[in-house]
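Trainee: Data: my_file_23.txt, compact mmCIF, C-alpha atoms.
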# COMPACT_ATOMS: atom_id res chain seq x y z
CA ARG F 65 0.05 17.48 -1.27
CA GLY F 66 0.00 19.25 2.10
CA VAL F 67 -2.04 18.49 5.20
CA VAL F 68 -2.86 20.88 8.04
CA PHE F 69 -3.15 19.18 11.42
CA THR F 70 -4.90 20.93 14.29
CA VAL F 71 -3.94 19.24 17.55
CA ASN F 72 -5.37 20.71 20.75
CA LEU F 73 -4.22 24.36 20.47
CA ILE F 74 -1.57 23.89 17.78
CA HIS F 75 -1.28 24.23 14.00
CA ASN F 76 1.05 21.95 12.07
CA ASP F 77 1.45 22.09 8.27
CA THR F 78 2.81 18.85 6.78
CA GLU F 79 4.01 18.24 3.23
CA GLU F 80 4.16 14.94 1.34
CA GLU F 81 7.68 13.98 2.42
CA GLU F 82 7.29 14.99 6.06
CA GLU F 83 6.44 12.78 9.02
CA CYS F 84 4.09 14.16 11.64
CA HIS F 85 4.15 12.70 15.17
CA LEU F 86 0.96 13.44 17.10
CA ALA F 87 0.58 13.21 20.83
CA CYS F 88 -3.21 13.33 20.42
CA GLY F 89 -5.77 12.95 17.66
CA ASN F 90 -6.71 15.45 14.96
CA ASN F 91 -9.96 16.53 13.36
CA ASN F 92 -8.86 16.54 9.70
CA PHE F 93 -9.20 13.85 7.06
CA ALA F 94 -6.22 12.54 5.17
CA ARG F 95 -4.91 9.35 3.65
CA GLY F 96 -1.53 8.10 4.75
CA TYR F 97 0.30 5.71 7.04
CA ILE F 98 -0.01 5.74 10.84
CA LEU F 99 2.03 3.84 13.41
CA GLU F 100 0.65 3.76 16.95
CA ILE F 101 2.43 2.23 19.93
CA PHE F 102 0.84 1.44 23.27
CA ARG F 103 3.79 1.79 25.62
CA GLY F 104 6.94 3.86 25.71
CA HIS F 105 7.91 6.75 23.46
CA PHE F 106 9.78 7.28 20.22
CA GLN F 107 13.30 8.64 20.47
CA LEU F 108 16.36 9.10 18.29
CA PRO F 109 18.42 5.93 17.94
CA GLU F 110 21.83 5.63 19.55
CA LEU F 111 24.45 6.56 16.93
CA GLY F 112 27.26 4.46 18.41
CA PRO F 113 30.39 4.49 16.21
CA ILE F 114 28.69 6.93 13.78
CA GLY F 115 29.42 9.68 16.28
CA SER F 116 27.57 12.93 16.93
CA ASN F 117 26.08 13.57 13.48
CA GLY F 118 24.08 11.49 11.05
CA LEU F 119 20.68 9.88 10.43
CA ALA F 120 17.92 12.11 11.85
CA ASN F 121 19.31 15.17 13.63
CA ALA F 122 17.45 16.58 16.62
CA ARG F 123 17.64 20.11 15.19
CA ASP F 124 15.41 19.12 12.24
CA PHE F 125 12.39 18.14 14.36
CA LEU F 126 9.98 21.07 14.37
CA HIS F 127 7.38 21.93 16.99
CA PRO F 128 4.37 24.06 16.03
CA THR F 129 3.40 27.33 17.65
CA ALA F 130 0.42 27.83 19.94
CA TYR F 131 -2.87 28.56 18.20
CA TYR F 132 -6.21 29.90 19.39
CA GLU F 133 -9.49 29.77 17.47
CA SER F 134 -12.38 32.01 18.44
CA SER F 135 -15.96 30.74 18.39
CA GLY F 136 -16.98 33.81 16.40
CA ASP F 137 -18.88 37.02 17.06
CA LYS F 138 -22.47 37.33 15.84
CA THR F 139 -21.98 41.04 15.22
CA ASN F 140 -19.26 40.33 12.65
CA THR F 141 -20.29 37.13 10.94
CA THR F 142 -18.15 35.51 8.27
CA ASP F 143 -18.29 32.07 6.65
CA ARG F 144 -15.46 30.97 8.90
CA ASP F 145 -17.32 32.19 11.99
CA ASP F 146 -20.37 30.23 10.87
CA ARG F 147 -18.22 27.13 10.52
CA ARG F 148 -16.88 27.59 14.04
CA ARG F 149 -20.41 27.69 15.47
CA LEU F 150 -21.40 24.46 13.74
CA PRO F 151 -21.63 21.35 15.93
CA TYR F 152 -18.34 19.51 16.31
CA THR F 153 -18.06 15.76 16.69
CA ILE F 154 -15.27 14.98 19.13
CA VAL F 155 -13.91 11.44 18.90
CA ASN F 156 -11.92 9.93 21.76
CA LYS F 157 -10.07 6.62 21.71
CA PHE F 158 -10.07 4.59 24.91
CA GLY F 159 -9.41 0.88 25.43
CA GLN F 160 -9.15 0.29 21.67
CA LYS F 161 -12.64 1.66 21.17
CA LEU F 162 -13.83 4.99 19.74
CA PHE F 163 -16.27 7.23 21.60
CA GLU F 164 -17.82 10.46 20.37
CA ARG F 165 -19.78 13.41 21.64
CA THR F 166 -21.13 16.57 20.01
CA SER F 167 -19.91 20.03 21.00
CA PRO F 168 -21.82 23.20 20.02
CA HIS F 169 -18.58 25.16 19.55
CA THR F 170 -15.03 24.66 18.37
CA PRO F 171 -12.85 22.64 20.77
CA TYR F 172 -9.90 24.91 19.94
CA ASP F 173 -11.10 28.00 21.85
CA VAL F 174 -9.06 27.37 25.01
CA VAL F 175 -6.92 30.41 25.74
CA ALA F 176 -4.35 28.88 28.10
CA TRP F 177 -2.23 25.75 27.90
CA HIS F 178 0.89 24.43 29.60
CA GLY F 179 2.82 21.21 29.16
CA ASN F 180 5.85 19.54 27.60
CA TYR F 181 4.30 16.73 25.52
CA LEU F 182 4.10 18.26 22.06
CA PRO F 183 3.39 17.02 18.56
CA TYR F 184 6.23 17.49 16.10
CA LYS F 185 7.01 17.03 12.42
CA TYR F 186 10.13 15.94 10.59
CA ASP F 187 11.08 16.48 6.95
CA LEU F 188 12.34 13.12 5.63
CA ARG F 189 14.42 15.02 3.08
CA ARG F 190 16.63 16.13 5.98
CA PHE F 191 17.68 12.56 6.80
CA CYS F 192 21.47 12.11 6.60
CA ALA F 193 21.95 8.62 5.15
CA ILE F 194 24.85 6.38 6.11
CA ASN F 195 25.89 3.61 3.71
CA SER F 196 28.70 1.27 2.69
CA VAL F 197 31.64 2.68 0.74
CA THR F 198 33.52 -0.62 0.35
CA TYR F 199 31.35 -3.71 -0.05
CA ASP F 200 28.27 -5.56 1.24
CA HIS F 201 24.71 -4.47 2.01
CA PRO F 202 24.39 -3.00 5.54
CA ASP F 203 21.42 -3.78 7.74
CA PRO F 204 18.50 -1.37 7.13
CA SER F 205 18.76 -0.24 10.75
CA ILE F 206 21.24 2.36 9.42
CA TYR F 207 18.17 4.18 8.05
CA THR F 208 16.36 4.39 11.41
CA VAL F 209 14.68 7.76 11.97
CA LEU F 210 13.05 7.00 15.33
CA THR F 211 12.94 4.00 17.64
CA ALA F 212 10.78 2.93 20.57
CA ARG F 213 12.66 0.69 22.96
CA GLY F 214 11.18 -2.27 24.75
CA GLY F 215 11.12 -5.22 22.35
CA ASP F 216 10.33 -8.74 23.49
CA GLU F 217 13.97 -9.82 23.14
CA GLU F 218 17.18 -8.09 24.21
CA GLY F 219 18.42 -5.85 21.40
CA THR F 220 15.06 -5.59 19.64
CA ALA F 221 12.75 -2.58 19.54
CA LEU F 222 9.06 -2.31 20.19
CA ALA F 223 8.94 -0.28 16.97
CA ASP F 224 11.35 1.35 14.53
CA PHE F 225 10.57 3.94 11.88
CA VAL F 226 12.97 3.51 8.94
CA VAL F 227 13.22 5.56 5.73
CA PHE F 228 14.88 4.74 2.41
CA PRO F 229 15.60 8.21 0.99
CA PRO F 230 17.30 9.34 -2.22
CA ARG F 231 21.00 8.59 -1.70
CA VAL F 232 24.25 7.72 -3.45
CA MET F 233 25.11 4.05 -3.76
CA ALA F 234 28.90 4.15 -3.47
CA THR F 235 31.37 1.95 -5.31
CA ASP F 236 30.72 -1.37 -3.56
CA GLU F 237 32.10 -4.08 -5.80
CA ASN F 238 30.91 -7.65 -5.46
CA THR F 239 27.76 -6.47 -3.70
CA PHE F 240 24.09 -7.27 -4.24
CA ARG F 241 22.66 -3.82 -3.63
CA PRO F 242 18.98 -4.57 -2.91
CA PRO F 243 18.04 -6.21 0.40
CA TRP F 244 19.06 -9.85 0.42
CA PHE F 245 16.59 -12.73 0.79
CA HIS F 246 16.00 -13.13 4.50
CA ARG F 247 13.77 -13.88 7.44
CA ASN F 248 13.58 -11.47 10.34
CA VAL F 249 12.77 -11.60 14.05
CA MET F 250 10.85 -8.34 13.47
CA THR F 251 7.57 -7.74 11.67
CA GLU F 252 8.20 -5.53 8.62
CA PHE F 253 5.54 -3.19 7.25
CA MET F 254 6.67 -1.24 4.21
CA GLY F 255 5.06 1.67 2.42
CA LEU F 256 5.91 3.86 -0.55
CA ILE F 257 5.32 7.62 -0.47
CA HIS F 258 6.27 8.32 -4.09
CA GLY F 259 8.29 6.88 -6.97
CA GLU F 260 9.33 3.24 -6.91
CA TYR F 261 11.18 0.90 -4.55
CA ASP F 262 14.42 -0.57 -5.89
CA ALA F 263 13.65 -4.10 -4.65
CA LYS F 264 10.08 -4.29 -5.99
CA LYS F 265 10.02 -3.10 -9.59
CA GLY F 266 7.45 -5.54 -10.97
CA LYS F 267 6.37 -5.67 -14.57
CA LYS F 268 6.12 -2.55 -16.70
CA SER F 269 3.17 -1.25 -18.66
CA ASP F 270 2.17 2.09 -20.23
CA GLY F 271 5.73 3.10 -20.92
CA ASP F 272 7.68 3.29 -17.69
CA ALA F 273 4.75 3.03 -15.29
CA THR F 274 4.79 0.20 -12.78
CA ASP F 275 1.90 -2.24 -13.05
CA ALA F 276 0.64 -3.04 -9.55
CA SER F 277 -0.92 -6.27 -10.81
CA GLY F 278 2.53 -7.36 -11.97
CA GLY F 279 4.07 -7.33 -8.52
CA GLY F 280 5.26 -3.73 -8.47
CA PHE F 281 5.21 -1.50 -5.41
CA VAL F 282 3.11 1.62 -6.05
CA PRO F 283 2.78 4.86 -4.01
CA GLY F 284 0.16 4.43 -1.32
CA GLY F 285 0.66 0.68 -1.30
CA ALA F 286 2.00 -1.44 1.53
CA SER F 287 3.45 -4.85 2.22
CA LEU F 288 3.51 -6.84 5.45
CA HIS F 289 6.04 -9.57 6.20
CA PRO F 290 5.34 -11.05 9.64
CA ILE F 291 8.03 -12.39 11.94
CA MET F 292 10.16 -15.13 10.33
CA THR F 293 8.40 -14.88 6.95
CA PRO F 294 10.91 -15.33 4.06
CA HIS F 295 11.00 -12.48 1.56
CA GLY F 296 13.33 -10.43 -0.63
CA PRO F 297 13.64 -8.67 -4.01
CA ASP F 298 11.27 -9.67 -6.79
CA ALA F 299 12.57 -11.62 -9.77
CA GLU F 300 13.02 -8.59 -12.04
CA SER F 301 15.02 -6.69 -9.40
CA TYR F 302 17.14 -9.75 -8.67
CA PHE F 303 18.15 -10.43 -12.26
CA ALA F 304 18.85 -6.74 -12.91
CA ASN F 305 21.15 -6.48 -9.91
CA VAL F 306 23.13 -9.70 -10.21
CA GLU F 307 24.37 -8.31 -13.53
CA ASN F 308 25.41 -5.02 -11.89
CA SER F 309 29.17 -4.87 -11.31
CA CYS F 310 28.74 -2.03 -8.78
CA ASP F 311 32.08 -0.62 -9.89
CA GLY F 312 30.95 3.02 -9.77
CA PRO F 313 28.74 5.24 -7.61
CA VAL F 314 25.08 5.58 -8.58
CA LYS F 315 22.58 8.08 -7.20
CA PHE F 316 19.24 6.54 -6.33
CA GLU F 317 16.53 9.19 -6.43
CA GLY F 318 13.65 7.26 -7.91
CA GLY F 319 11.42 7.22 -4.87
CA LEU F 320 10.88 7.48 -1.13
CA ALA F 321 10.01 4.31 0.77
CA PHE F 322 9.76 3.63 4.50
CA MET F 323 9.37 0.74 6.90
CA PHE F 324 7.73 0.20 10.28
CA GLU F 325 9.49 -2.60 12.16
CA SER F 326 8.19 -4.18 15.35
CA SER F 327 9.06 -7.11 17.56
CA ALA F 328 5.30 -7.60 17.97
CA MET F 329 3.21 -9.82 15.73
CA CYS F 330 0.72 -7.62 13.85
CA ARG F 331 -2.81 -8.77 13.12
CA VAL F 332 -4.20 -7.99 9.67
CA SER F 333 -7.63 -6.38 9.78
CA ARG F 334 -10.62 -7.92 8.06
CA TYR F 335 -10.84 -4.79 5.90
CA ALA F 336 -7.31 -5.36 4.59
CA LEU F 337 -7.94 -9.05 3.92
CA GLU F 338 -11.12 -8.35 1.98
CA CYS F 339 -10.08 -5.06 0.33
CA GLU F 340 -10.45 -4.96 -3.45
CA HIS F 341 -6.96 -3.46 -3.73
CA ARG F 342 -5.31 -6.44 -2.07
CA GLU F 343 -2.70 -8.10 -4.29
CA VAL F 344 -3.80 -11.71 -3.94
CA ASP F 345 -0.99 -13.09 -6.11
CA TYR F 346 1.79 -11.19 -4.32
CA ALA F 347 4.01 -14.28 -4.07
CA SER F 348 4.15 -14.51 -7.87
CA CYS F 349 6.71 -11.67 -7.84
CA TRP F 350 9.31 -14.39 -7.07
CA ASP F 351 8.27 -16.62 -9.98
CA GLY F 352 11.21 -17.29 -12.24
CA LEU F 353 13.88 -17.38 -9.55
CA VAL F 354 15.98 -20.50 -9.94
CA GLY F 355 18.99 -21.96 -8.18
CA SER F 356 22.15 -20.21 -9.38
CA PHE F 357 24.83 -22.21 -7.59
CA PRO F 358 26.64 -24.99 -9.52
CA ARG F 359 26.07 -28.57 -8.52
CA PRO F 360 28.79 -29.86 -6.17
CA HIS F 361 31.23 -32.34 -7.65
CA THR F 362 30.70 -35.90 -6.57
Just give me the structure of the file as structure tokens.
Mentor:
Amino acid sequence: RGVVFTVNLIHNDTEEEEECHLACGNNNFARGYILEIFRGHFQLPELGPIGSNGLANARDFLHPTAYYESSGDKTNTTDRDDRRRLPYTIVNKFGQKLFERTSPHTPYDVVAWHGNYLPYKYDLRRFCAINSVTYDHPDPSIYTVLTARGGDEEGTALADFVVFPPRVMATDENTFRPPWFHRNVMTEFMGLIHGEYDAKKGKKSDGDATDASGGGFVPGGASLHPIMTPHGPDAESYFANVENSCDGPVKFEGGLAFMFESSAMCRVSRYALECEHREVDYASCWDGLVGSFPRPHT
């Protein structure tokens, strides 16, 4: 469940629930979610009336230590030394294209480095969630970990990184706890790291396991709702929550979901459109929803 990133001259160990921000590329293979922006930088959001503490705290962002890797000494050969002398393929991204060259030695044998643009990691379990303690469902911006300013409209971001961590749902009577049905001026890309998402439960099979074919959100999956595309909780989540009186606190610890938001319109790759894992009947998760308001008197 852990990944070791080697970035320039630096080691960075990352666990499942940690985010790793890289200033450059890395030479390891892993599956996960990556958000790349092409202008500006990520920063902590303004806390406003929240005050000095809350959400992601600066003290919890960790920078790795400097690291040097020798190319090996033929007089004292080990398997690791042999690996270091193997040809390395160095891939560089430029102008949205990838270029590569072969190096006869490790690229991490530089003995001096100076700068202030560092990769860092953040443990999502350290996020200090803010939520309602009276009524209503606050905007998900209260779960913003990092933001990159510079959206197309005033008050919007180029990109936001939002996390939905385990947290206590306070007593919030007369409240529909999952996200409401809405359209947004931002593109929303959601992913699930583990567990389940409370607004996309789907059908159940094999005991308590979520059936992805039944509209559920599974770890490693993703959903994309482009700008001004209507969406909201699936039918099962809706019916379960309209019956919830919300008259007592409940701890949600069933999963860890996140969202990338952007004021930019995102293009779906051909690979994603043709992928065998694509849920082609995604919209069926809203089947069964009917009008619940009484007819007006005439």
Trainee: As a PyMOL selection string, please: the residues near Glu307 of chain F (cut-off 12 Å, all atoms listed in the file, same-chain neighbours under 6 positions excluded).
Mentor: chain F and resi 237-241+300-301
Trainee: I'd like the contact shell of Phe191 of chain F - 12 Å cut-off, only C-alpha atoms, skipping same-chain residues fewer than 3 positions apart - returned as an MDAnalysis selection string.
Mentor: chainID F and resid 81:83 117:125 186:188 194 206:210 226:231 320
Trainee: What is the atom CA of Tyr184 of chain F-atom CA of Tyr97 of chain F distance in Å, reported with one decimal?
Mentor: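 Separating atom CA of Tyr184 of chain F from atom CA of Tyr97 of chain F is a distance of 16.0 Å.
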Trainee: Given the choices F:Pro151, F:Pro360, F:Pro109, F:Gly312, which gets closest to Asp236 of chain F if the distance is worked out from all atoms listed in the file?
Mentor: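 That would be F:Gly312, the residue with the smallest distance to Asp236 of chain F.
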Trainee: Leaving out Asn156 of chain F and any residue of its chain fewer than 5 positions from it, which residues lie within 9 Å of it when counting only C-alpha atoms, given as an MDAnalysis selection string?
Mentor: chainID F and resid 89 161:165
Trainee: Can you tell me how far atom CA of Arg213 of chain F sits from atom CA of Ile291 of chain F, in Å to one decimal?
Mentor: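 According to the coordinates, atom CA of Arg213 of chain F and atom CA of Ile291 of chain F are separated by 17.7 Å.
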Trainee: What is the atom CA of Ala223 of chain F-atom CA of Ala286 of chain F distance in Å, reported with one decimal?
Mentor: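 Answer for the atom CA of Ala223 of chain F to atom CA of Ala286 of chain F separation: 17.0 Å.
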Trainee: Could you pull the residues within 10 Å of Met323 of chain F, counting all atoms listed in the file, minus those fewer than 2 positions along the same chain, as a PyMOL selection string?
Mentor: chain F and resi 204+207-208+224-228+251-256+286-288+321+325-326
Trainee: May I ask which of the residues F:Ala234, F:Thr293, F:Phe102, F:Asp203 is the closest one to Asn248 of chain F, counting all atoms listed in the file?
Mentor: F:Thr293
